[in-house]
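Enquirer: You'll find final01.cif just under this line, and it carries mmCIF, C-alpha atoms.
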```cif
data_my_file
loop_
_atom_site.label_atom_id
_atom_site.label_comp_id
_atom_site.auth_asym_id
_atom_site.auth_seq_id
_atom_site.Cartn_x
_atom_site.Cartn_y
_atom_site.Cartn_z
CA MET A 1 82.29 -39.87 -57.47
CA LYS A 2 79.43 -38.13 -59.26
CA ARG A 3 78.44 -34.64 -58.07
CA VAL A 4 75.77 -32.32 -59.45
CA PHE A 5 75.63 -28.64 -58.47
CA LEU A 6 72.20 -27.13 -59.14
CA ILE A 7 71.99 -23.36 -58.64
CA VAL A 8 68.68 -21.49 -58.70
CA LEU A 9 69.00 -17.80 -59.54
CA ASP A 10 65.83 -16.86 -57.66
CA SER A 11 63.45 -14.95 -59.97
CA VAL A 12 65.72 -14.66 -63.04
CA GLY A 13 62.99 -15.16 -65.63
CA ILE A 14 63.72 -14.77 -69.36
CA GLY A 15 60.40 -13.61 -70.78
CA GLU A 16 56.64 -13.95 -70.45
CA MET A 17 54.98 -17.33 -70.83
CA PRO A 18 51.96 -17.69 -73.15
CA ASP A 19 49.55 -17.47 -70.17
CA ALA A 20 51.32 -14.51 -68.52
CA ALA A 21 48.35 -12.17 -69.09
CA GLU A 22 46.18 -14.43 -66.93
CA TYR A 23 48.54 -13.64 -64.06
CA GLY A 24 48.74 -9.92 -64.82
CA ASP A 25 52.25 -10.29 -66.24
CA ALA A 26 51.93 -9.51 -69.94
CA GLY A 27 55.21 -8.11 -71.24
CA SER A 28 57.32 -9.19 -68.26
CA ASN A 29 60.94 -10.01 -68.98
CA THR A 30 63.21 -9.95 -65.93
CA LEU A 31 66.47 -10.60 -67.78
CA ARG A 32 65.79 -8.01 -70.47
CA SER A 33 64.96 -5.36 -67.86
CA ALA A 34 68.14 -6.05 -65.89
CA SER A 35 70.21 -6.04 -69.09
CA GLU A 36 69.20 -2.44 -69.81
CA SER A 37 71.20 -1.28 -66.80
CA PRO A 38 74.74 -0.02 -67.45
CA TYR A 39 75.87 -2.33 -64.63
CA PHE A 40 74.86 -5.52 -66.48
CA SER A 41 77.68 -7.75 -67.72
CA MET A 42 77.55 -11.55 -68.06
CA PRO A 43 80.38 -12.72 -70.34
CA ASN A 44 80.84 -16.07 -68.59
CA MET A 45 77.15 -16.95 -68.80
CA ARG A 46 77.23 -15.89 -72.44
CA LYS A 47 80.05 -18.39 -73.10
CA LEU A 48 77.89 -21.17 -71.66
CA GLY A 49 75.09 -20.23 -74.06
CA PHE A 50 72.84 -17.96 -71.93
CA PHE A 51 72.13 -15.54 -74.78
CA ASN A 52 71.56 -18.43 -77.21
CA ILE A 53 68.48 -19.67 -75.34
CA GLU A 54 65.26 -19.58 -77.36
CA GLY A 55 63.45 -16.28 -76.82
CA VAL A 56 66.42 -14.47 -75.25
CA SER A 57 67.04 -11.35 -77.31
CA ILE A 58 69.77 -9.56 -75.37
CA GLY A 59 73.52 -9.48 -75.91
CA GLU A 60 75.46 -11.30 -78.58
CA ARG A 61 74.93 -15.01 -79.18
CA GLU A 62 77.94 -17.25 -78.55
CA ALA A 63 79.21 -18.88 -81.74
CA VAL A 64 80.55 -21.98 -79.96
CA PRO A 65 78.90 -22.30 -76.50
CA THR A 66 80.83 -24.32 -73.93
CA GLY A 67 77.61 -25.47 -72.26
CA SER A 68 74.21 -26.72 -73.36
CA PHE A 69 71.00 -24.83 -72.72
CA ALA A 70 67.20 -24.83 -72.79
CA ARG A 71 64.20 -22.64 -72.09
CA MET A 72 62.03 -24.05 -69.30
CA LYS A 73 58.23 -23.75 -69.33
CA GLU A 74 56.39 -24.05 -66.02
CA LEU A 75 53.58 -26.61 -65.95
CA SER A 76 52.35 -25.75 -62.45
CA LYS A 77 49.65 -23.21 -61.80
CA GLY A 78 51.40 -20.36 -60.03
CA LYS A 79 54.47 -18.18 -60.05
CA ASP A 80 55.89 -18.45 -56.57
CA THR A 81 59.08 -19.78 -55.01
CA THR A 82 57.57 -22.89 -53.43
CA ILE A 83 55.73 -24.15 -56.51
CA GLY A 84 58.68 -23.31 -58.77
CA HIS A 85 61.18 -25.25 -56.66
CA TRP A 86 58.79 -28.16 -56.20
CA GLU A 87 58.46 -28.44 -59.98
CA ILE A 88 62.24 -28.27 -60.43
CA ALA A 89 62.32 -31.27 -58.08
CA GLY A 90 59.62 -33.13 -60.02
CA VAL A 91 56.31 -32.18 -58.38
CA VAL A 92 53.81 -30.35 -60.61
CA SER A 93 51.09 -28.36 -58.83
CA ASP A 94 47.70 -28.41 -60.55
CA ALA A 95 46.33 -25.56 -58.42
CA PRO A 96 48.03 -22.40 -57.14
CA LEU A 97 48.72 -21.98 -53.46
CA PRO A 98 46.37 -19.49 -51.72
CA VAL A 99 47.26 -15.80 -51.64
CA TYR A 100 45.72 -13.03 -49.57
CA PRO A 101 45.72 -9.64 -51.34
CA HIS A 102 43.36 -8.25 -48.69
CA GLY A 103 44.92 -9.91 -45.66
CA PHE A 104 44.01 -13.10 -43.82
CA PRO A 105 40.42 -13.91 -42.77
CA LYS A 106 39.34 -12.82 -39.29
CA ASP A 107 38.84 -16.39 -38.10
CA ILE A 108 42.45 -17.29 -39.02
CA ILE A 109 43.79 -14.23 -37.18
CA LYS A 110 41.64 -14.93 -34.11
CA GLU A 111 42.86 -18.52 -33.97
CA PHE A 112 46.46 -17.33 -34.29
CA GLU A 113 45.99 -14.73 -31.52
CA LYS A 114 44.52 -17.42 -29.28
CA ALA A 115 47.45 -19.76 -29.98
CA THR A 116 50.10 -17.12 -29.24
CA GLY A 117 48.38 -15.01 -26.58
CA ARG A 118 49.34 -11.88 -28.55
CA GLY A 119 47.46 -9.42 -30.72
CA VAL A 120 48.13 -8.85 -34.42
CA LEU A 121 49.17 -5.70 -36.28
CA CYS A 122 48.93 -4.94 -40.02
CA ASN A 123 47.48 -8.11 -41.61
CA ARG A 124 47.82 -7.07 -45.23
CA PRO A 125 50.36 -7.23 -48.07
CA TYR A 126 53.43 -5.16 -47.24
CA SER A 127 57.12 -4.74 -47.97
CA GLY A 128 59.17 -6.48 -45.30
CA THR A 129 61.38 -3.46 -44.67
CA GLU A 130 58.50 -0.97 -44.75
CA VAL A 131 56.29 -2.97 -42.41
CA ILE A 132 58.78 -2.80 -39.53
CA LYS A 133 59.31 0.89 -40.24
CA ASP A 134 55.54 1.57 -40.05
CA TYR A 135 54.54 -0.87 -37.29
CA GLY A 136 57.76 -1.42 -35.33
CA GLU A 137 57.17 1.23 -32.66
CA ARG A 138 53.61 0.06 -32.01
CA HIS A 139 54.91 -3.49 -31.74
CA LEU A 140 57.46 -2.37 -29.13
CA LYS A 141 54.72 -0.69 -27.09
CA THR A 142 52.07 -3.41 -27.30
CA GLY A 143 53.97 -6.65 -27.90
CA ASP A 144 51.50 -7.41 -30.69
CA LEU A 145 52.93 -9.42 -33.59
CA ILE A 146 53.32 -7.87 -37.04
CA VAL A 147 51.60 -10.22 -39.49
CA TYR A 148 51.76 -9.49 -43.21
CA THR A 149 51.76 -11.20 -46.57
CA SER A 150 52.79 -10.48 -50.17
CA ALA A 151 51.87 -11.58 -53.67
CA ASP A 152 53.44 -14.91 -52.70
CA SER A 153 51.64 -17.57 -50.69
CA VAL A 154 53.16 -16.55 -47.36
CA PHE A 155 52.15 -15.74 -43.77
CA GLN A 156 54.99 -13.62 -42.40
CA ILE A 157 55.49 -12.76 -38.74
CA ALA A 158 57.83 -9.93 -37.75
CA ALA A 159 58.89 -9.31 -34.15
CA HIS A 160 61.69 -7.44 -32.40
CA ASP A 161 64.19 -9.86 -30.86
CA LYS A 162 64.05 -8.01 -27.52
CA ILE A 163 60.24 -8.35 -27.35
CA VAL A 164 59.97 -11.85 -28.79
CA PRO A 165 63.16 -13.95 -28.64
CA THR A 166 63.85 -15.64 -31.96
CA ASP A 167 63.19 -19.14 -30.61
CA LYS A 168 59.80 -17.95 -29.37
CA LEU A 169 59.06 -16.42 -32.78
CA TYR A 170 59.81 -19.80 -34.35
CA GLU A 171 57.35 -21.36 -31.89
CA TYR A 172 54.68 -18.88 -33.02
CA CYS A 173 55.43 -19.80 -36.64
CA ARG A 174 54.94 -23.48 -35.88
CA ALA A 175 51.58 -22.61 -34.31
CA ALA A 176 50.62 -20.70 -37.46
CA ARG A 177 51.76 -23.61 -39.63
CA LYS A 178 49.31 -25.91 -37.79
CA ILE A 179 46.49 -23.43 -38.35
CA LEU A 180 47.23 -22.73 -42.01
CA LYS A 181 46.23 -25.95 -43.73
CA GLY A 182 43.59 -27.15 -46.17
CA GLU A 183 42.14 -24.23 -48.14
CA HIS A 184 44.40 -21.86 -46.18
CA GLY A 185 47.53 -23.97 -46.66
CA VAL A 186 49.96 -21.21 -47.60
CA GLY A 187 53.28 -22.28 -49.05
CA ARG A 188 55.37 -20.79 -46.28
CA VAL A 189 55.07 -19.33 -42.80
CA ILE A 190 58.09 -17.07 -42.40
CA ALA A 191 59.74 -15.79 -39.21
CA ARG A 192 61.08 -12.26 -39.73
CA PRO A 193 62.96 -11.20 -36.58
CA PHE A 194 64.29 -7.65 -36.45
CA THR A 195 66.36 -5.52 -34.10
CA GLY A 196 67.35 -1.88 -33.52
CA THR A 197 65.49 1.24 -32.44
CA ALA A 198 62.75 3.39 -34.00
CA GLY A 199 63.95 4.77 -37.29
CA ARG A 200 66.79 2.23 -37.34
CA PHE A 201 65.01 -1.08 -37.33
CA LYS A 202 66.87 -3.81 -39.23
CA ARG A 203 65.93 -7.40 -40.03
CA THR A 204 68.32 -9.99 -38.62
CA ALA A 205 69.77 -12.95 -40.52
CA ASP A 206 67.62 -15.38 -38.50
CA ARG A 207 64.78 -15.63 -40.99
CA HIS A 208 63.28 -19.11 -41.04
CA ASP A 209 60.66 -20.58 -43.38
CA PHE A 210 58.16 -23.20 -42.25
CA SER A 211 56.92 -24.76 -45.48
CA LEU A 212 54.28 -27.21 -46.55
CA GLU A 213 55.71 -30.59 -47.43
CA PRO A 214 55.72 -31.29 -51.17
CA PRO A 215 52.56 -33.24 -52.09
CA GLY A 216 54.49 -35.86 -54.07
CA ILE A 217 57.80 -37.70 -54.38
CA THR A 218 60.68 -35.39 -55.29
CA MET A 219 64.10 -36.06 -56.75
CA LEU A 220 65.47 -35.15 -53.30
CA ASP A 221 63.49 -38.01 -51.75
CA GLN A 222 64.73 -40.43 -54.38
CA LEU A 223 68.38 -39.38 -54.13
CA LYS A 224 68.36 -39.69 -50.36
CA GLU A 225 66.62 -43.09 -50.53
CA GLY A 226 69.28 -44.16 -53.03
CA GLY A 227 72.03 -43.41 -50.51
CA PHE A 228 73.24 -40.20 -52.14
CA ASP A 229 74.03 -36.91 -50.42
CA VAL A 230 71.52 -34.10 -50.82
CA ILE A 231 73.07 -30.83 -49.66
CA SER A 232 70.96 -27.70 -49.25
CA VAL A 233 72.57 -24.26 -49.52
CA GLY A 234 70.32 -21.32 -48.66
CA LYS A 235 66.57 -21.77 -48.25
CA ILE A 236 66.25 -25.07 -50.16
CA ALA A 237 65.75 -27.09 -46.96
CA ASP A 238 63.01 -24.69 -45.84
CA ILE A 239 61.19 -24.88 -49.19
CA PHE A 240 61.06 -28.69 -48.95
CA ALA A 241 60.28 -28.72 -45.21
CA GLY A 242 63.58 -30.53 -44.66
CA ARG A 243 62.41 -33.57 -46.61
CA GLY A 244 64.99 -35.39 -48.71
CA ILE A 245 67.87 -33.30 -47.30
CA THR A 246 70.96 -34.90 -45.75
CA GLN A 247 72.84 -31.69 -44.92
CA ALA A 248 71.72 -28.05 -44.80
CA VAL A 249 73.64 -24.78 -44.64
CA ARG A 250 71.75 -21.52 -44.18
CA THR A 251 73.01 -18.36 -45.83
CA ALA A 252 72.42 -14.62 -45.46
CA GLY A 253 72.50 -13.81 -49.19
CA ASN A 254 74.03 -14.47 -52.58
CA GLU A 255 77.63 -13.88 -51.56
CA GLU A 256 77.50 -16.40 -48.74
CA GLY A 257 75.51 -18.81 -50.90
CA LEU A 258 78.23 -18.83 -53.52
CA GLU A 259 80.97 -19.11 -50.88
CA GLN A 260 79.27 -22.18 -49.38
CA THR A 261 78.74 -23.75 -52.81
CA MET A 262 82.44 -23.31 -53.57
CA ARG A 263 83.25 -24.84 -50.20
CA PHE A 264 81.32 -27.97 -51.18
CA LEU A 265 83.17 -28.05 -54.50
CA GLU A 266 86.31 -28.69 -52.43
CA GLN A 267 84.70 -31.51 -50.43
CA ASP A 268 84.19 -35.18 -51.20
CA PHE A 269 80.55 -36.22 -51.47
CA GLU A 270 78.39 -38.09 -53.95
CA GLY A 271 75.07 -36.62 -54.90
CA LEU A 272 73.45 -33.20 -55.27
CA CYS A 273 74.37 -29.77 -53.94
CA PHE A 274 71.22 -27.64 -54.39
CA THR A 275 71.71 -23.86 -53.95
CA ASN A 276 69.24 -21.00 -53.91
CA LEU A 277 70.50 -17.44 -54.44
CA VAL A 278 67.68 -15.29 -53.08
CA ASP A 279 68.90 -11.71 -53.42
CA TYR A 280 67.69 -11.18 -57.00
CA ASP A 281 64.12 -11.69 -55.83
CA MET A 282 64.16 -10.42 -52.25
CA LEU A 283 66.41 -7.37 -52.55
CA TYR A 284 65.97 -6.22 -56.14
CA GLY A 285 62.98 -7.68 -58.01
CA HIS A 286 60.43 -6.95 -55.29
CA ARG A 287 61.89 -3.47 -54.83
CA ASN A 288 61.96 -2.55 -58.53
CA ASP A 289 65.70 -1.98 -58.34
CA VAL A 290 66.92 -2.51 -61.91
CA ASP A 291 70.52 -1.47 -61.23
CA GLY A 292 70.73 -3.58 -58.08
CA TYR A 293 69.41 -6.59 -60.00
CA ALA A 294 71.98 -6.01 -62.77
CA LYS A 295 74.84 -5.67 -60.29
CA ALA A 296 73.82 -8.93 -58.59
CA LEU A 297 73.80 -10.77 -61.94
CA THR A 298 77.18 -9.29 -62.82
CA TYR A 299 78.55 -10.43 -59.45
CA PHE A 300 77.31 -13.97 -60.06
CA ASP A 301 78.90 -14.00 -63.50
CA ALA A 302 82.26 -12.96 -62.03
CA GLN A 303 82.05 -15.76 -59.46
CA LEU A 304 81.02 -18.30 -62.10
CA SER A 305 84.57 -18.52 -63.44
CA LYS A 306 85.73 -19.50 -59.94
CA LEU A 307 83.01 -22.17 -59.69
CA LEU A 308 83.96 -23.63 -63.06
CA ALA A 309 87.66 -23.67 -62.14
CA ARG A 310 86.90 -25.78 -59.04
CA MET A 311 84.81 -28.39 -60.84
CA ARG A 312 86.16 -31.92 -61.17
CA ALA A 313 86.06 -33.88 -64.43
CA ASP A 314 82.79 -35.69 -63.63
CA ASP A 315 81.03 -32.75 -61.96
CA VAL A 316 77.93 -31.25 -63.58
CA LEU A 317 76.82 -27.65 -63.06
CA MET A 318 73.19 -26.69 -63.77
CA ILE A 319 71.91 -23.11 -63.50
CA THR A 320 68.20 -22.28 -63.59
CA ALA A 321 65.47 -20.13 -61.97
CA ASP A 322 62.07 -20.64 -60.35
CA HIS A 323 59.94 -17.74 -61.76
CA GLY A 324 60.40 -14.11 -62.77
CA CYS A 325 60.28 -10.82 -60.86
CA ASP A 326 60.70 -8.06 -63.43
CA PRO A 327 62.35 -5.11 -61.66
CA ALA A 328 61.12 -2.68 -64.34
CA ALA A 329 57.46 -3.70 -64.18
CA GLU A 330 54.86 -1.54 -62.43
CA SER A 331 54.15 -4.47 -60.12
CA THR A 332 56.52 -5.59 -57.39
CA ASP A 333 55.14 -9.14 -57.61
CA HIS A 334 56.61 -12.27 -59.13
CA SER A 335 56.01 -12.68 -62.87
CA ARG A 336 54.93 -15.69 -64.91
CA GLU A 337 57.99 -16.25 -67.10
CA TYR A 338 60.05 -18.91 -68.81
CA THR A 339 63.27 -19.70 -66.98
CA PRO A 340 66.75 -20.53 -68.28
CA LEU A 341 68.65 -23.78 -67.95
CA LEU A 342 72.40 -23.91 -68.53
CA MET A 343 74.40 -27.13 -68.11
CA THR A 344 78.07 -27.93 -68.32
CA GLY A 345 80.58 -30.57 -67.25
CA GLY A 346 80.57 -34.34 -66.84
CA CYS A 347 78.17 -36.13 -69.19
CA VAL A 348 76.73 -32.88 -70.65
CA PRO A 349 77.53 -32.27 -74.33
CA SER A 350 78.72 -28.82 -75.38
CA GLY A 351 76.78 -26.41 -77.55
CA VAL A 352 73.46 -28.27 -77.70
CA ASP A 353 70.25 -26.24 -77.82
CA PHE A 354 67.56 -28.37 -76.17
CA GLY A 355 64.84 -25.87 -77.14
CA THR A 356 61.82 -25.23 -74.94
CA ARG A 357 61.15 -27.94 -72.35
CA GLU A 358 57.62 -28.72 -71.21
CA GLY A 359 58.15 -28.47 -67.47
CA PHE A 360 60.77 -27.47 -64.94
CA CYS A 361 60.41 -31.10 -63.82
CA ASP A 362 62.68 -32.20 -66.69
CA ILE A 363 65.53 -31.00 -64.45
CA ALA A 364 64.58 -33.58 -61.82
CA ALA A 365 64.39 -36.40 -64.36
CA THR A 366 67.74 -35.37 -65.83
CA ILE A 367 69.51 -35.36 -62.47
CA LEU A 368 68.01 -38.68 -61.40
CA GLY A 369 69.11 -40.14 -64.72
CA MET A 370 72.69 -39.03 -64.05
CA PHE A 371 72.63 -41.18 -60.92
CA GLY A 372 70.95 -44.13 -62.63
CA ILE A 373 67.69 -43.71 -60.72
CA PRO A 374 64.37 -44.22 -62.58
CA ALA A 375 62.28 -41.12 -61.87
CA LYS A 376 59.13 -41.61 -59.80
CA CYS A 377 58.32 -37.92 -60.20
CA ARG A 378 57.22 -35.93 -63.25
CA GLY A 379 59.57 -34.99 -66.07
CA ARG A 380 61.65 -36.36 -68.96
CA SER A 381 65.43 -36.42 -68.95
CA ILE A 382 66.91 -33.76 -71.18
CA LEU A 383 69.91 -36.00 -71.88
#
```
As a first step, turn the structure in this file into structure tokens.

Expert:
Amino acid sequence: MKRVFLIVLDSVGIGEMPDAAEYGDAGSNTLRSASESPYFSMPNMRKLGFFNIEGVSIGEREAVPTGSFARMKELSKGKDTTIGHWEIAGVVSDAPLPVYPHGFPKDIIKEFEKATGRGVLCNRPYSGTEVIKDYGERHLKTGDLIVYTSADSVFQIAAHDKIVPTDKLYEYCRAARKILKGEHGVGRVIARPFTGTAGRFKRTADRHDFSLEPPGITMLDQLKEGGFDVISVGKIADIFAGRGITQAVRTAGNEEGLEQTMRFLEQDFEGLCFTNLVDYDMLYGHRNDVDGYAKALTYFDAQLSKLLARMRADDVLMITADHGCDPAAESTDHSREYTPLLMTGGCVPSGVDFGTREGFCDIAATILGMFGIPAKCRGRSIL
């Protein structure tokens, strides 16, 4: 019974790509920045070969790594979550998804207001926690929806759960998803419900992403068509608009994401368990919190030993990332960086340096190859 566990450490980049300056990211190195914190410690990842990856210049290299490793180069144009995950699954994007550094066009907002029957507040890039702090009271008084974006290709809608019930907020997001297509086809429309009183507003765990469907065949589609299980842990199902998923479990953060992944390690299934750990990006990278980022990496490393102990003989564990988000950079945006790939277990040899791979999509081809499926998507099997 073959099982592959693919974990995405959201935003854990390992150094600028050659075209980083074109994205305003010259000098970015998420891992290096986090490693400068006194709270950084990753001995278990080191044993797998994390510090042996080409271009990684932190820590001490492992003399005899227990895993194999590679540096992944992104082929797609962009540096966001959606495009990064799509490429991991075999779909390369030749053009970046649209972003709105000055807010959404008036005609889009008017159409959205007409569809929902509510006004709009904010309409510009904003921190998710700050936007409810600054606009929450006005929202309570008017019932207008708080619409904001970020450096990512997102249309986010925040509303208090007593003013707009969460199911109704999801309905508004679906209306926005129908509007935002073509040249304005943002990667994700995101529901951001919050609760509490003025000065004590707090986002709930009922976030929901309404994504574009991938524009091509993914490894998830092929695995599902081949009769294999495709289990989503975290926001994977949202990123792929539910396509190619056979079972989905939502999580509130890294801790729950790892708990659910370990739960699936104890279950019988044949196929892929695909996990996204979002806290690195959402809580620490975007907030320039170096120590928080380091603590989150250290926590993952401590849990890694538990994951490895639960693996069966034929299981394969793969650990990667989707982009960077350097917590020490002046910007709070994502960064155009190489990402790591660590592999261990099953058919994976130990201690092999696979160098720099031309495309995250090699992960998709590798996984499909493990299940004997000829890849219809982009990529070359690493094995």

Enquirer: Could you state which residues are captured by the PyMOL selection byres ((chain A and resi 229-243) around 9) in this file, as a count of residues only?

Expert: 46

Enquirer: Nearest residue to Pro165 of chain A out of A:Ala309, A:Ile14, A:Ile382, A:Ala191, using all atoms listed in the file?

Expert: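 Between A:Ala309, A:Ile14, A:Ile382, A:Ala191, the residue approaching Pro165 of chain A most closely is A:Ala191.
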
Enquirer: Spell out the residues picked by the PyMOL selection byres ((chain A and resi 97-113) around 6) here, as an mmCIF file with C-alpha atoms, in the coordinates of the input.

Expert:
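Listed below is the output, part_26.cif:
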```cif
data_model
loop_
_atom_site.group_PDB
_atom_site.id
_atom_site.type_symbol
_atom_site.label_atom_id
_atom_site.label_comp_id
_atom_site.auth_asym_id
_atom_site.auth_seq_id
_atom_site.Cartn_x
_atom_site.Cartn_y
_atom_site.Cartn_z
ATOM 1 C CA PRO A 96 48.030 -22.400 -57.140
ATOM 2 C CA LYS A 114 44.520 -17.420 -29.280
ATOM 3 C CA ALA A 115 47.450 -19.760 -29.980
ATOM 4 C CA THR A 116 50.100 -17.120 -29.240
ATOM 5 C CA GLY A 117 48.380 -15.010 -26.580
ATOM 6 C CA ARG A 118 49.340 -11.880 -28.550
ATOM 7 C CA GLY A 119 47.460 -9.420 -30.720
ATOM 8 C CA ASN A 123 47.480 -8.110 -41.610
ATOM 9 C CA ARG A 124 47.820 -7.070 -45.230
ATOM 10 C CA SER A 153 51.640 -17.570 -50.690
ATOM 11 C CA VAL A 186 49.960 -21.210 -47.600
#
```

Enquirer: Find, counting all atoms listed in the file, the residue in A:Ala21, A:Leu48, A:Ile363, A:Leu265 that gets nearest to Lys306 of chain A.

Expert: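 Using all atoms listed in the file, the shortest distance to Lys306 of chain A belongs to A:Leu265.
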
Enquirer: Take the PyMOL selection byres ((chain A and resi 325-337) around 9), run it mentally on this structure, and tell me the resulting residues as an NGL selection string.

Expert: :A and (10-21 or 23-34 or 73-74 or 78-81 or 150-152 or 280-281 or 284-291 or 293 or 323-324 or 338-339)

Enquirer: Looking at A:Gly226, A:Phe51, A:Cys173, A:Arg3, which one is nearest to Glu266 of chain A, with distances taken over all atoms listed in the file?

Expert: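 So, comparing all the options, the nearest one is A:Arg3.
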
Enquirer: For a test of reading the model, state the distance in Å between atom CA of Thr197 of chain A and atom CA of Asp144 of chain A, rounded to one decimal.

Expert: 16.5 Å

Enquirer: Interatomic distance between atom CA of Cys377 of chain A and atom CA of Asp322 of chain A?

Expert: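 It comes out at 17.7 Å.
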
Enquirer: What is the distance between atom CA of Ala63 of chain A and atom CA of Val352 of chain A, in Å to one decimal?

Expert: 11.7 Å

Enquirer: Measuring atom to atom with only C-alpha atoms, identify which of A:Ala313, A:Met318, A:Ala89, A:Cys122 is nearest to Met1 of chain A.

Expert: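 Checking each candidate against Met1 of chain A, we get A:Ala313 as the closest.
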
Enquirer: Extract, using all atoms listed in the file, all DNA, RNA and protein residues at most 9 Å from Leu383 of chain A, discarding same-chain residues fewer than 5 positions from it, and format them as a short mmCIF file (atom, residue, chain, number, x, y, z; two decimals) with C-alpha atoms, in the frame of the given file.

Expert:
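Generated output (selection_19.cif):
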```cif
data_model
loop_
_atom_site.label_atom_id
_atom_site.label_comp_id
_atom_site.auth_asym_id
_atom_site.auth_seq_id
_atom_site.Cartn_x
_atom_site.Cartn_y
_atom_site.Cartn_z
CA CYS A 347 78.17 -36.13 -69.19
CA VAL A 348 76.73 -32.88 -70.65
CA PRO A 349 77.53 -32.27 -74.33
CA THR A 366 67.74 -35.37 -65.83
CA GLY A 369 69.11 -40.14 -64.72
CA MET A 370 72.69 -39.03 -64.05
#
```
